[in-house]
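The next block holds one structure in the form of structure tokens; read it before the comments.
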Amino acid sequence: MKLEALPWILLFLPLCAAGIITLFTLRSQKLSAGLSIGAIVSGFVLAIALIKSGGWEAREFSLNWLSIGNLNVDFGLRLDALSLMMLLIVTGVGSVIHIYSYGYMHEDEGFSRFFACLSLFTFSMLGIVLANNFLQLFIFWELVGVSSYLLIGFWFDKASAADASKKAFLTNRIGDFGFMLGILTVFAVVGSLNFAVIQEQFKANPALMGGSATLAGLLIFCGAMGKSAQFPLHVWLPDAMEGPTPVSALIHAATMVAAGVYMLCRVVFLFTPEALTVISWIGGFTALLAALIAVQQNDIKRILAYSTLSQLGYMVMAVGLGGAGAAMFHLTTHAFFKALLFLGAGSVIHAMHHEQDIWKMGALRKKMPVTFWTFLVGTLALCGVPPFSGFYSKDAILAQAWHAHNYPLFVIAVSVAVLTAFYMFRLFFVVWVGDVRSAEAGHAHESPGVMIWPLRALVVLALFGGVLGINEIFAAQFSAAEHAEASEHGLTLLQRIAEPFTNAPVAAGIGIIATLIGFLTARGLYATAKSDPLTSKLGWMSRAMANRFYFDEIYEATVIRIHDLAGTISNWIDSWIIEGLCIGVVRGGTDLTGRALRLVQTGNLQTYAFLFVLGVAVVLWLTLGK
Amino acid sequence: MSLEISVVALGLIVLLADLWLPAERKRMLGYSAAAALLLLFLNTFTSHCSCSLAEGPDNMTSAGMFIQDGLAVFFKRFFLLAAVLVLVMAVEFSDRIGAGVSEYYSLIVFALAGMLFAASANDFVMLFAAIELITITFYVLTSFQRGRVRSLEAGVKYLILGALSSAFMVYGIALIWGTTGKFNFQELAQVAGKFAANRVFLFGVVFFLVGLGFKIAAFPFQMWTPDVYEGAPTPTTAFLAVGSKATGFVLLLRFLFTAIPDVAMHWNKLLIIVSGITILYGNLCALPQRNLKRILGYSSIAHAGYVLLGVAALTTAGESAVLYYLAGYLFTVLAAFAVIALVMRHLNSEDLAGLAGLNQRSPLLAATLTLAMVSLAGIPPLAGFFGKFLLLKAVIEQGPANHGYYCLAFTALAGVIISLYYYFGVIRAIYWSKETPDLSPIEISKPMKMAVCFCMAGMFYLGLFPGALINYAAQVVKSLK
Amino acid sequence: MTTLTLIFALPLLAAVLLAFIPRNFAVVMRLVALVTTFITMLLAVKMFWNFDCAAADNDGYKFVATIPWLGSHALGIVCRLGVDGLNVGLVLMGAIVAFAAACCSAEIKSREKEFYILLLVMTGGILGAFASLDLFFFYFFHELALVPTFIMIGVWGRGEKRNFAAFQITLYLSIGALLTLVGLIDLYLQVPAEIRTFDIPSLTRFFVEHPMALASQSFIFPLLLFGFGVLVSLWPFHSWAPLGYGSAPTATAMLHAGVLKKFGLYGLLRVVIPFMPQSAQHWMPILAWLSLGNILYVGWVAMKQKNLNLLIGNSSVAHMGMIFLGIATLNLVGVTGAVVIMIAHGFLAALTFGLSGYIHSQTGTLEMSELGGLAKKMRFVGVAFVMAAMAGCGLPGFLNFVGEATVFFGAWARPGLRLVTVLAVWGALIVGAVYMLRAVRATLHGPLPEKWGRLPDAVLWRKLPYAVLLASLFLFGFAPKLLTDKIKPVTQQIVDMANAQEIATQAATVPSPVTGVSTNGTKPAPGGVKESGK
Amino acid sequence: MNVGLEHYLVVSALLFALGLLGVITRRNLIVMYMSLELMLNSANLALVSFSRFNDNLNGQVMVFFIITVAAAEVAVGLALIVALYRKRQSAHVEDLTSMKL
Amino acid sequence: MDALLNYLFSSNGLFWVFAFMTLACGGLVVANPFSRNPVTSAMFLVLTIISMAGLFVLLHAFFLAAVQVMVYAGAVMVLFLFVIMLLDLQEEERRKVKKLGLLAGLLSIGAIAGIFVKSLMAAQPGRGLPAPVAEGGTIPLGKLLFTNYLLPFEIVSVLLLVAMVGVILLSKKDLK
């Protein structure tokens with residue numbers, strides 16, 4: 001087999017799996033799962049093989065997909081550090097989650113369908129990762145959207161799930177609207193869609209886009225805003241938790257939402273400083289907002305969802321601050337520990353018979369020890385406790401803010417870190433510690449092995465992800481693009497462990513302190529709480545936080561209402577003005593004229609004769625009257 | 001002239017044969033007459049016949065009154081064919097007529113003779129005699145069902161209004177002759193230019209056109225049409241709709257384009273207005289109509305308007321379109337009336353409800369009537385579509401010169417759209433009536449079946465393979481100048 | 001007799017054959033219709049497959065065949081059939097949809113004979129219209145296909161407003177068709193009398209050499225634009241379409257919305273724009289704004305529909321807007337995109353109407369308030385419907401996306417159309433998604449009402465049409481080059497003709513402004529996208 | 001003043017107008033019919049006078065034909081009116097409206 | 001008085017007499033203020049026709065004058081009277097006259113006549129004509145009729161046959 005074929009196989013294996021499952025093996029659960037899991041695991045193996053064979057340098061394989069005039073769209077695969085790393089994450093974390101799903105979804109009647117959708121999603125995600133041009137990226141972007149739609153709405157007979165999937169899709173579509181316009185703008189100037197070509201051109205002539213550069217950048221950022229759920233398009237992500245938990249883990253924690261950040265990193269050369277400022281602020285704001293909301297959520301998955309939002313905000317902020325490498329680094333570690341957390345939550349939910357309210361849980365530590373330990377590792381990693389992976393990546397972002405001398409954002413980032421530690425430990429104490437608060441919690445027991453082993457695998461990554469040198473690979477990728485001063489050669493393990501403190505000690509220190517503050521506050525409030533003490537203390541603030549700052553209501557009142565109104569008006573015009581008035585008048589008028597004219601035909605000979613003579617007179621007058 | 005003599009002789013033979021024939025053989029008489037006419041029709045295509053290919057003004061006989069040019073031959077064939085079909089229809093209809101069936105056949109033949117003469121008329125006197133022969137015959141034919149008040153009423157209406165129009169026409173002829181001193185069309189054509197500004201002459205022309213307008217049922221001389229169509233026996237109506245109307249058109253063409261071409265050129269405005277209003281009037285009035293024969297009456301007004309489009313264009317393209325359209329109209333209308341004659345045979349009225357369940361009673365008739373309606377509505381692939389296409393083309397061709405023609409074209413289109421409704425209403429009545437009171441099969445005699453099938457074939461032929469007739473018509477109209 | 005002649009003649013012959021089968025052999029009729037359309041489809045596939053290697057005549061048409069005994073040589077009317085890149089796809093699409101429609105006609109339980117005859121006539125008419133190289137027969141066959149539509153809606157239609165629907169559709173389409181007829185006749189009359197012809201290639205050659213007078217253009221162009229526009233439900237002449245399709249029997253809606261409607265667009269591309277370039281330049285911005293009426297306004301209307309078929313009908317109208325926008329760009333990319341959408345929409349419309357027809361035949365209603373959760377019971381139909389909805393909101397993987405994206409690229413290249421494009425993208429991506437998802441949500445998702453507990457999923461042979469249509473959408477969606485490579489040369493020619501004047505004046509006044517932007521090996525086509533480079 | 005063609009024509013025109021008036025005002029079919037005869041006669045008068053003043057006998061031949069045809073027409077017409085009268089017991093136009101609209 | 005009588009019996013004078021009689025009697029046919037009886041109308045029609053015959057004589061159309069009296073006054077009018085008697089027609093009922101209709105009718109007839117007279121004045125067809133010489137005697141007319149106009153003559157004979165057949169059929173009594 002030729003080496004060029006490998007990425008293609010890697011990409012299309014999941015699609016084939018999805019196709020075969022849909023067409024042939026819907027009846028046989030085992031076969032379906034086997035196909036789907038097989039596809040992604042082989043994908044993982046192939047990804048490793050690719051890295052082994054070709055290393056991290058950039059290469060492209062492409063076919064012409066569409067060519068009309070100067071619109072040349074390739075179907076191309078771009079392999080470089082960025083995409084290869086992403087490949088590893090997607091297939092790696094994906095494999096784990098696939099296997100986990102086999103246990104989690106065991107009793108569901110849509111089992112095969114679930115795996116088909118998962119494989120479709122994997123295909124789309126791999127497509128995004130490997131895309132070498134804008135349109136292809138957009139294509140898979142949309143496909144990711146639709147597979148997410150299918151997975152969120154997996155239990156479509158539940159109204160809430162059906163609505164959530166719709167909302168997710170539409171919100172994403174709003175982002176895509178901007179994305180599409182951005183692509184159009186870029187193409188109109190550059191005349192190509194290929195990333196490499198565009199980058200070349202930008203390198204040759206930085207002022208290529210002129211005045212439209214910022215606008216184009218921001219439009220493209222809209223796409224990321226939708227997928228990565230940045231303010232103000234963040235509303236769909238918490239609702240998306242209506243999907244099965246593995247889906248939340250895979251899509252809404254590890255991969256799909258990361259696509260936005262990935263895309264920003266992919267095209268980071270496009271953004272002007274002004275655009276980057278906007279991006280960083282939106283990221284920072286989202287991080288803070290989501291963290292605040294998470295503090296007052298009671299649904300275990302929603303807390304994790306807002307936490308995801310908040311972390312994504314971090315990443316976007318990092319990109320905005322010029323730290324694409326840091327963003328990707330955090331993306332990677334976040335994929336590990338957030339998947340871990342979600343799968344842990346899934347295990348809990350599974351054990352609790354689909355009860356998700358944390359205040360109905362408690363003292364699960366004894367009942368589910370493995371899940372407990374793995375969840376704890378995830379929590380620590382998320383909170384950025386050294387030496388867990390999250391510490392390194394988050395520190396990289398804080399350091400980026402520090403180095404960029406953007407102190408307002410640095411402050412925001414730190415306060416987010418405080419809040420993160422706070423709400424995560426709130427969750428931790430309420431769920432695992434404390435008293436048993438319900439019958440389900442009393443009867444809970446550990447999940448089966450097929451669900452536990454993936455957790456264990458992820459624990460390893462969450463633990464050591466920070467020191468594997470991932471950041472250096474990214475740094476190398478972006479060094480050319482942003483003239484980073486990161487060294488080319490690899491560091492030793494020890495250097496890696498100490499890197500935060502050598503690089504930006506102040507940031508690292510403040511980060512650790514922030515985490516500590518968060519932890520202590522949470523312990524003080526929740527270690528033994530029966531219900532949420534904060535609710536009464538914060539008053540309206542708490543209600544606002546619990547109600548997610550009323551964003552859904554605001555949208556309801558604006559975007560949706562406006563469209564609804566437009567629809568009503570158009571419909572009214574259609575049925576009354578066009579159909580009723582125009583057609584009605586034409587029809588009625590014709591009919592009436594016919595009936596009126598007919599009255600002339602009285603049947604009376606004399607009238608006829610008279611009209612005859614009248615006619616003659618008129619004709620005469622017309623011809624000879626003058 | 002042997003054709004005309006043969007036809008008149010045939011009429012006499014039919015009259016006489018009646019004296020000796022027993023009552024049960026009378027059907028055969030009608031068929032024989034039809035067969036004889038068919039032979040005469042076919043004979044027009046053979047080169048031996050004196051009337052077939054002998055064309056051109058050289059062949060004028062009887063002091064130039066009788067002209068046997070291409071146009072005349074075209075219309076003679078047209079009338080013969082129509083008469084054959086009408087005769088077959090009349091045989092089918094005979095049990096409703098009661099006494100005098102043979103006279104009915106012979107009168108049809110005499111009316112045909114009048115039409116044949118009219119087709120060749122090249123002189124006002126001749127024209128007058130021929131037209132009166134047709135008209136007076138039709139007075140009788142219309143009121144032939146003496147048992148029915150409606151038939152008599154229709155006869156009287158046709159009589160009074162026909163006489164009125166005759167009076168106008170005669171007065172017009174008097175004035176035209178008085179000013180120019182010419183009865184002959186060719187001679188008139190040579191001097192007509194001089195009189196283009198003579199108002200008495202123009203007055204005469206208008207009066208004459210009034211007479212022709214009555215024949216073709218053009219607005220505002222269309223009042224009689226629905227009543228007479230409804231009241232007359234169905235074969236008469238059919239002959240009236242096809243033969244009488246075509247006579248009007250052949251005379252109109254001859255008069256306008258042979259006799260007074262220089263004057264006619266200035267009359268496009270009048271023709272446009274008349275044609276437009278006729279189309280709209282016919283179609284609008286037909287909309288709320290429930291009586292099938294009245295629908296066809298109004299529709300025949302509308303179709304007169306369509307044909308007038310071709311006249312109004314004042315070009316050879318328009319003239320040949322007129323011929324083409326009339327040919328298509330012949331098959332279509334005769335097919336429709338044949339079905340009506342058969343279906344409504346035992347009903348007192350011709351209400352649309354009588355068509356209910358026709359598709360089960362006789363699929364052939366149902367299909368025929370459907371196709372006839374579709375063709376009248378001007379929908380491919382039937383004759384009506386191509387005819388309308390040619391007419392529109394002729395009119396639009398004149399558009400750049402006079403924008404009134406564009407308006408006329410759009411008026412015609414509006415008419416077509418309106419007409420869709422009542423034509424489709426007929427189709428709906430056949431296939432999708434709720435009530436189906438009578439489902440007894442309809443018996444159709446062989447000749448009638450053949451006639452109906454022939455009409456259908458004609459509609460399809462003219463719609464799909466228009467080439468031959470177009471060439472023929474284009475060649476024929478050359479003889480007008 | 002070429003493949004093309006067979007494709008067009010088979011359904012008509014079958015219709016004649018059916019006329020002679022007694023009416024109680026309904027199964028035979030159905031079989032005849034199915035077999036005929038199936039063979040037609042296979043032939044069309046074969047023709048499409050062989051298209052590239054087939055011999056072309058001087059004008060680039062392939063599979064050219066003349067049916068000499070139809071028409072009138074004296075008037076320059078000759079029934080000549082042939083395909084080039086522009087219509088080969090349309091013929092293929094038409095044949096596939098016709099087969100699907102025949103499959104979906106199983107719901108007809110009364111007067112099968114008439115129905116199948118009309119269906120076959122319609123099919124033959126449609127294929128004839130697209131295959132015709134003669135303007136007269138182009139119109140003739142369209143009319144031939146149109147009339148059965150009216151009758152089928154009037155007779156086998158459903159819903160209380162069926163009569164009004166039939167009335168309205170007849171009124172609109174007749175007006176459109178007749179306006180078109182006037183326009184076409186006038187177009188024909190622009191050629192000197194001695195060489196008058198309806199032959200499209202000859203006319204093309206003539207008008208390339210002798211541009212039409214401006215006065216004639218400014219009369220004929222709007223006539224044809226709006227004549228065709230009415231036929232394609234151009235806003236604001238669209239209101240016939242949703243109601244008409246909503247009331248039509250499934251097969252009719254599939255054929256009309258899917259295929260027959262493209263007649264107008266095809267006419268615009270084949271005749272109107274290349275023959276009358278100056279008017280085209282003048283009218284196209286207006287058309288672009290009107291297309292927004294379709295995309296946005298009708299999209300909004302679709303959002304408010306309570307009946308599934310009305311919603312689908314409106315969405316179909318909305319999609320027409322994208323095609324109009326593509327045409328209005330008058331550049332290679334946009335116009336090619338428009339053609340792609342024409343084909344894509346054909347499959348899609350047939351698919352959606354077929355599916356809704358199935359739902360209707362099972363539940364007896366299409367009121368969305370009464371439906372819900374059907375995906376539980378109708379797995380296959382549910383999946384197919386979701387796919388259709390996704391295709392409808394322009395999801396990649398389906399052919400529709402290719403077309404829409406291409407149209408956007410084309411439109412964006414016209415600086416004057418930027419604002420329109422922005423709104424169109426909004427309409428396509430957001431509004432389109434809103435109503436499509438709403439349909440899915442209301443019919444397939446959500447809890448299943450008690451009364452639909454025993455609904456059956458489609459049996460194998462009823463799945464066939466949907467599978468065929470979906471497969472077509474996927475196939476071309478994955479490999480759009482199959483289509484675009486065929487379309488491109490023709491659209492290039494059309495665009496060149498339409499922009500001939502512009503190019504000439506530009507060349508005369510501005511000495512070719514070469515911008516510094518070099519694009520990686522892509523050649524800016526004449527009249528192509530490349531107009532916006534600063 | 002010498003009587004010329006115009007005088008005759010005016011008389012004929014007035015006669016024509018009178019006939020017309022009769023047709024549209026009188027309700028008795030027979031009287032209407034008589035008025036029609038009046039109109040035909042006015043044409044005859046015009047023809048004869050033209051014939052005289054144009055020195056051309058052809059017009060008089062036409063008059064001959066008109067008279068003949070009118071006689072035939074009268075015969076048929078009266079027979080028709082009689083037949084109708086037998087059915088309806090009326091020769092009044094306003095009773096002849098069984099077909100209308 | 002003599003002068004008046006002389007004038008009256010000169011051809012010009014006779015014209016005025018006959019013209020007046022024609023029009024007056026014609027008027028009485030159409031609108032007799034004293035009687036609406038069809039018989040009266042018929043009698044006045046006979047008078048009109050006879051006066052017209054006088055005009056014909058003045059125009060030297062002797063044969064036609066004779067025909068006019070014999071065919072019209074003699075045959076046609078007798079036919080009319082017969083029918084009137086046969087049907088036992090009563091006086092036409094005086095139904096309400098639609099004034100508006102009458103007015104419009106009068107207007108249109110007036111318009112037609114007006115336009116005609118106006119045209120006549122404009123065209124002056126009689127102007128510049130030579131002194132009339134044509135004599136409408138039997139011989140020249142007969143010659144014309146049986147040479148040039150033979151064909152219409154034959155057609156008219158068919159017409160008469162048709163009329164005869166028609167009349168017989170219409171007045172047959174053996175009908176349901």
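Letters A, B, ... go to the chains of the structure tokens in the order shown; residues in each chain start at 1; ligands are counted from 1 in the same order.
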
Checklist entry - So which residues touch region 219-232 of chain C within 6 Å, counting only C-alpha atoms, skipping near sequence neighbours fewer than 4 positions away, as a ChimeraX atom specification? => result /C:173,176,179-180,183,237,261,264

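For region 17-172 of chain C, the set of residues given strand (DSSP E or B) by DSSP on the backbone reads Ala56, Lys62, Phe63, Val64, Ala65, Thr66, Ile67, Pro68, Trp69, Leu70, Gly71, Ser72, Ile77, Val78, Cys79, Arg80, Leu81, Gly82, Val83, Ser132 and Asp134 of chain C.
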
Hey, can you spit out that residue selection with N, CA and C atoms as an mmCIF file, in the first residue's frame?
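New file result.cif:
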```cif
data_model
loop_
_atom_site.group_PDB
_atom_site.id
_atom_site.type_symbol
_atom_site.label_atom_id
_atom_site.label_comp_id
_atom_site.auth_asym_id
_atom_site.auth_seq_id
_atom_site.Cartn_x
_atom_site.Cartn_y
_atom_site.Cartn_z
ATOM 1 N N ALA C 56 -20.011 15.216 -31.359
ATOM 2 C CA ALA C 56 -20.771 16.456 -31.284
ATOM 3 C C ALA C 56 -20.885 17.072 -32.659
ATOM 4 N N LYS C 62 -24.733 16.979 -28.927
ATOM 5 C CA LYS C 62 -24.496 15.558 -29.145
ATOM 6 C C LYS C 62 -25.825 14.821 -29.200
ATOM 7 N N PHE C 63 -25.755 13.618 -29.696
ATOM 8 C CA PHE C 63 -26.949 12.785 -29.838
ATOM 9 C C PHE C 63 -28.019 13.518 -30.646
ATOM 10 N N VAL C 64 -27.589 14.285 -31.599
ATOM 11 C CA VAL C 64 -28.556 15.088 -32.344
ATOM 12 C C VAL C 64 -29.367 14.186 -33.265
ATOM 13 N N ALA C 65 -30.654 14.381 -33.236
ATOM 14 C CA ALA C 65 -31.525 13.605 -34.110
ATOM 15 C C ALA C 65 -32.648 14.500 -34.567
ATOM 16 N N THR C 66 -33.045 14.325 -35.780
ATOM 17 C CA THR C 66 -34.156 15.110 -36.308
ATOM 18 C C THR C 66 -35.342 14.185 -36.524
ATOM 19 N N ILE C 67 -36.488 14.635 -36.139
ATOM 20 C CA ILE C 67 -37.705 13.882 -36.456
ATOM 21 C C ILE C 67 -38.375 14.648 -37.574
ATOM 22 N N PRO C 68 -38.127 14.250 -38.785
ATOM 23 C CA PRO C 68 -38.433 15.140 -39.916
ATOM 24 C C PRO C 68 -39.915 15.379 -40.119
ATOM 25 N N TRP C 69 -40.729 14.412 -39.733
ATOM 26 C CA TRP C 69 -42.141 14.580 -40.079
ATOM 27 C C TRP C 69 -42.891 15.429 -39.082
ATOM 28 N N LEU C 70 -42.246 15.873 -38.052
ATOM 29 C CA LEU C 70 -42.912 16.796 -37.131
ATOM 30 C C LEU C 70 -42.551 18.219 -37.537
ATOM 31 N N GLY C 71 -43.483 19.125 -37.339
ATOM 32 C CA GLY C 71 -43.164 20.515 -37.568
ATOM 33 C C GLY C 71 -43.364 20.945 -39.003
ATOM 34 N N SER C 72 -42.894 22.123 -39.289
ATOM 35 C CA SER C 72 -43.106 22.694 -40.611
ATOM 36 C C SER C 72 -41.822 23.347 -41.074
ATOM 37 N N ILE C 77 -39.620 25.327 -38.476
ATOM 38 C CA ILE C 77 -39.892 24.531 -37.293
ATOM 39 C C ILE C 77 -39.499 23.098 -37.593
ATOM 40 N N VAL C 78 -38.472 22.635 -36.952
ATOM 41 C CA VAL C 78 -38.016 21.275 -37.179
ATOM 42 C C VAL C 78 -37.815 20.631 -35.825
ATOM 43 N N CYS C 79 -38.370 19.451 -35.679
ATOM 44 C CA CYS C 79 -38.199 18.809 -34.389
ATOM 45 C C CYS C 79 -36.814 18.187 -34.325
ATOM 46 N N ARG C 80 -35.904 18.937 -33.714
ATOM 47 C CA ARG C 80 -34.542 18.439 -33.605
ATOM 48 C C ARG C 80 -34.217 18.280 -32.127
ATOM 49 N N LEU C 81 -33.697 17.125 -31.815
ATOM 50 C CA LEU C 81 -33.341 16.871 -30.427
ATOM 51 C C LEU C 81 -31.836 16.791 -30.325
ATOM 52 N N GLY C 82 -31.347 17.184 -29.186
ATOM 53 C CA GLY C 82 -29.919 17.089 -28.978
ATOM 54 C C GLY C 82 -29.584 17.554 -27.580
ATOM 55 N N VAL C 83 -28.442 17.167 -27.107
ATOM 56 C CA VAL C 83 -28.055 17.619 -25.768
ATOM 57 C C VAL C 83 -26.654 18.189 -25.809
ATOM 58 N N SER C 132 -35.214 19.354 -26.691
ATOM 59 C CA SER C 132 -35.491 19.974 -27.975
ATOM 60 C C SER C 132 -34.465 21.045 -28.320
ATOM 61 N N ASP C 134 -35.201 22.994 -30.786
ATOM 62 C CA ASP C 134 -36.022 23.881 -31.588
ATOM 63 C C ASP C 134 -36.912 24.650 -30.627
#
```

**Residue list for chain B near chain E as a VMD selection string, 8 Å, only C-alpha atoms** = chain B and resid 8 62 to 63 98 to 100 103 107 110 114 125 to 126 129 to 130 132 to 133 136 to 137 140 143 to 144 146 to 147 179 198 to 200 203

What residues in chain E have any atom no more than 7 Å from chain A when counting only C-alpha atoms, and can you write them as a ChimeraX atom specification?
-> /E:105,108,111-112

Item to check | Residues flagged alpha helix (DSSP H) by DSSP in region 94-174 of chain E, as a PyMOL selection string | outcome: chain E and resi 99-123+138-146+150-171

Next item on the list: Could the residues of chain D within 6 Å of chain B, counting only C-alpha atoms, be given as a VMD selection string, please?
Entry: chain D and resid 40 43 47 50 84 99

Show me, as an MDAnalysis selection string, every residue of chain B with an atom at most 6 Å from chain A, counting only C-alpha atoms. chainID B and resid 220:221 223 284:285

Residues as selected, C-alpha atoms, written as an mmCIF file, in the first residue's frame, can you do that?
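File written: out_22.cif
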```
data_model
loop_
_atom_site.group_PDB
_atom_site.id
_atom_site.type_symbol
_atom_site.label_atom_id
_atom_site.label_comp_id
_atom_site.auth_asym_id
_atom_site.auth_seq_id
_atom_site.Cartn_x
_atom_site.Cartn_y
_atom_site.Cartn_z
ATOM 1 C CA PRO B 220 -70.947 43.800 -32.236
ATOM 2 C CA PHE B 221 -72.975 41.631 -34.612
ATOM 3 C CA MET B 223 -75.933 38.696 -30.593
ATOM 4 C CA LEU B 284 -66.141 36.162 -20.894
ATOM 5 C CA CYS B 285 -69.728 35.334 -21.656
#
```

- [ ] With a cut-off of 8 Å and counting only C-alpha atoms, select all residues of chain B in contact with chain C and give the selection as a ChimeraX atom specification.
- [x] /B:379-381,392-393,396-397,409,413-414,417,432,464-468,470-471

Store the residues picked out above in a file with C-alpha atoms, as a JSON list (two decimals), in the first residue's frame.
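File written: result_22.json
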```json
[["chain", "number", "residue", "atom", "x", "y", "z"],
["B", 379, "ILE", "CA", -53.15, 23.34, -26.34],
["B", 380, "PRO", "CA", -50.57, 21.16, -28.00],
["B", 381, "PRO", "CA", -50.44, 18.80, -29.72],
["B", 392, "LEU", "CA", -50.19, 35.17, -32.98],
["B", 393, "LYS", "CA", -47.10, 35.06, -35.07],
["B", 396, "ILE", "CA", -46.76, 39.99, -33.53],
["B", 397, "GLU", "CA", -44.94, 40.32, -36.79],
["B", 409, "ALA", "CA", -51.80, 39.78, -29.08],
["B", 413, "LEU", "CA", -53.76, 35.68, -24.73],
["B", 414, "ALA", "CA", -56.08, 36.91, -22.04],
["B", 417, "ILE", "CA", -56.53, 32.00, -20.51],
["B", 432, "TRP", "CA", -65.64, 13.95, -12.75],
["B", 464, "LEU", "CA", -48.41, 17.54, -35.18],
["B", 465, "PHE", "CA", -47.67, 17.75, -38.84],
["B", 466, "PRO", "CA", -48.64, 21.23, -39.84],
["B", 467, "GLY", "CA", -46.11, 21.45, -42.62],
["B", 468, "ALA", "CA", -48.23, 20.31, -45.52],
["B", 470, "ILE", "CA", -49.02, 25.52, -44.05],
["B", 471, "ASN", "CA", -47.37, 25.23, -47.41]]
```

Using only C-alpha atoms, what table do you get, as a Markdown table, when you list each residue of chain A with an atom no more than 6 Å from chain C, its nearest pair of atoms, and their distance in Å rounded to one decimal, rows by chain then rising number?
```
| residue | atom | partner | partner_atom | distance |
| --- | --- | --- | --- | --- |
| A:Leu66 | CA | C:Lys481 | CA | 5.6 |
| A:Ile68 | CA | C:Val333 | CA | 5.8 |
| A:Gly69 | CA | C:Ala525 | CA | 5.4 |
| A:Asn70 | CA | C:Thr522 | CA | 5.3 |
| A:Ile139 | CA | C:Pro396 | CA | 5.3 |
| A:Phe156 | CA | C:His445 | CA | 5.1 |
| A:Asp157 | CA | C:Gly446 | CA | 4.1 |
| A:Lys158 | CA | C:Gly446 | CA | 5.5 |
| A:Ala159 | CA | C:Gly446 | CA | 4.7 |
| A:Val189 | CA | C:Gly533 | CA | 5.7 |
| A:Gly191 | CA | C:Thr519 | CA | 5.7 |
| A:Gly567 | CA | C:Trp300 | CA | 4.1 |
| A:Ser570 | CA | C:Val301 | CA | 5.4 |
| A:Asn571 | CA | C:Val301 | CA | 4.7 |
```

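For the pair CA of Ser105 (chain C) and CA of Ala251 (chain C), the separation is 5.8 Å.
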
Could you give me, as a ChimeraX atom specification, the residues within 9 Å of Phe75 (chain B), counting only C-alpha atoms and dropping anything in the same chain fewer than 3 positions from it?
/B:70-72,78-80,115-116,119-120,246-247,250,323

TODO: Do a neighbour search on region 82-95 of chain B at 7 Å with only C-alpha atoms, toss out local chain neighbours closer than 6 positions, and write the hits as a PyMOL selection string.
DONE: chain B and resi 27+30-31+34+37-38+101+105+112+235+238-239+243+330+338+341+447-448+451

Q: Pick out the residues sitting within 6 Å of region 204-219 of chain A, and hand them over as a ChimeraX atom specification; count only C-alpha atoms, and ignore anything fewer than 2 positions along from it in its own chain.
A: /A:178-179,182,201-202,221-222,271-272,275

- Message: Applying 6 Å and only C-alpha atoms, which residues near region 298-308 of chain B remain after dropping the ones on its own chain fewer than 5 positions away? List them as a PyMOL selection string.
- Response: chain B and resi 217+226+275+278-279+282-283+286+322

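Within the 12 Å cut-off around Val16 (chain C), using only C-alpha atoms and omitting residues fewer than 3 positions from it on the same chain, the listed residues are Ala9, Leu10, Pro11, Leu12, Leu13, Ala19, Phe20, Ile21, Met29, Val32, Ala33, Lys113, Glu114, Tyr116, Ile117, Leu118, Leu119, Leu120, Val121 and Gly124 of chain C.
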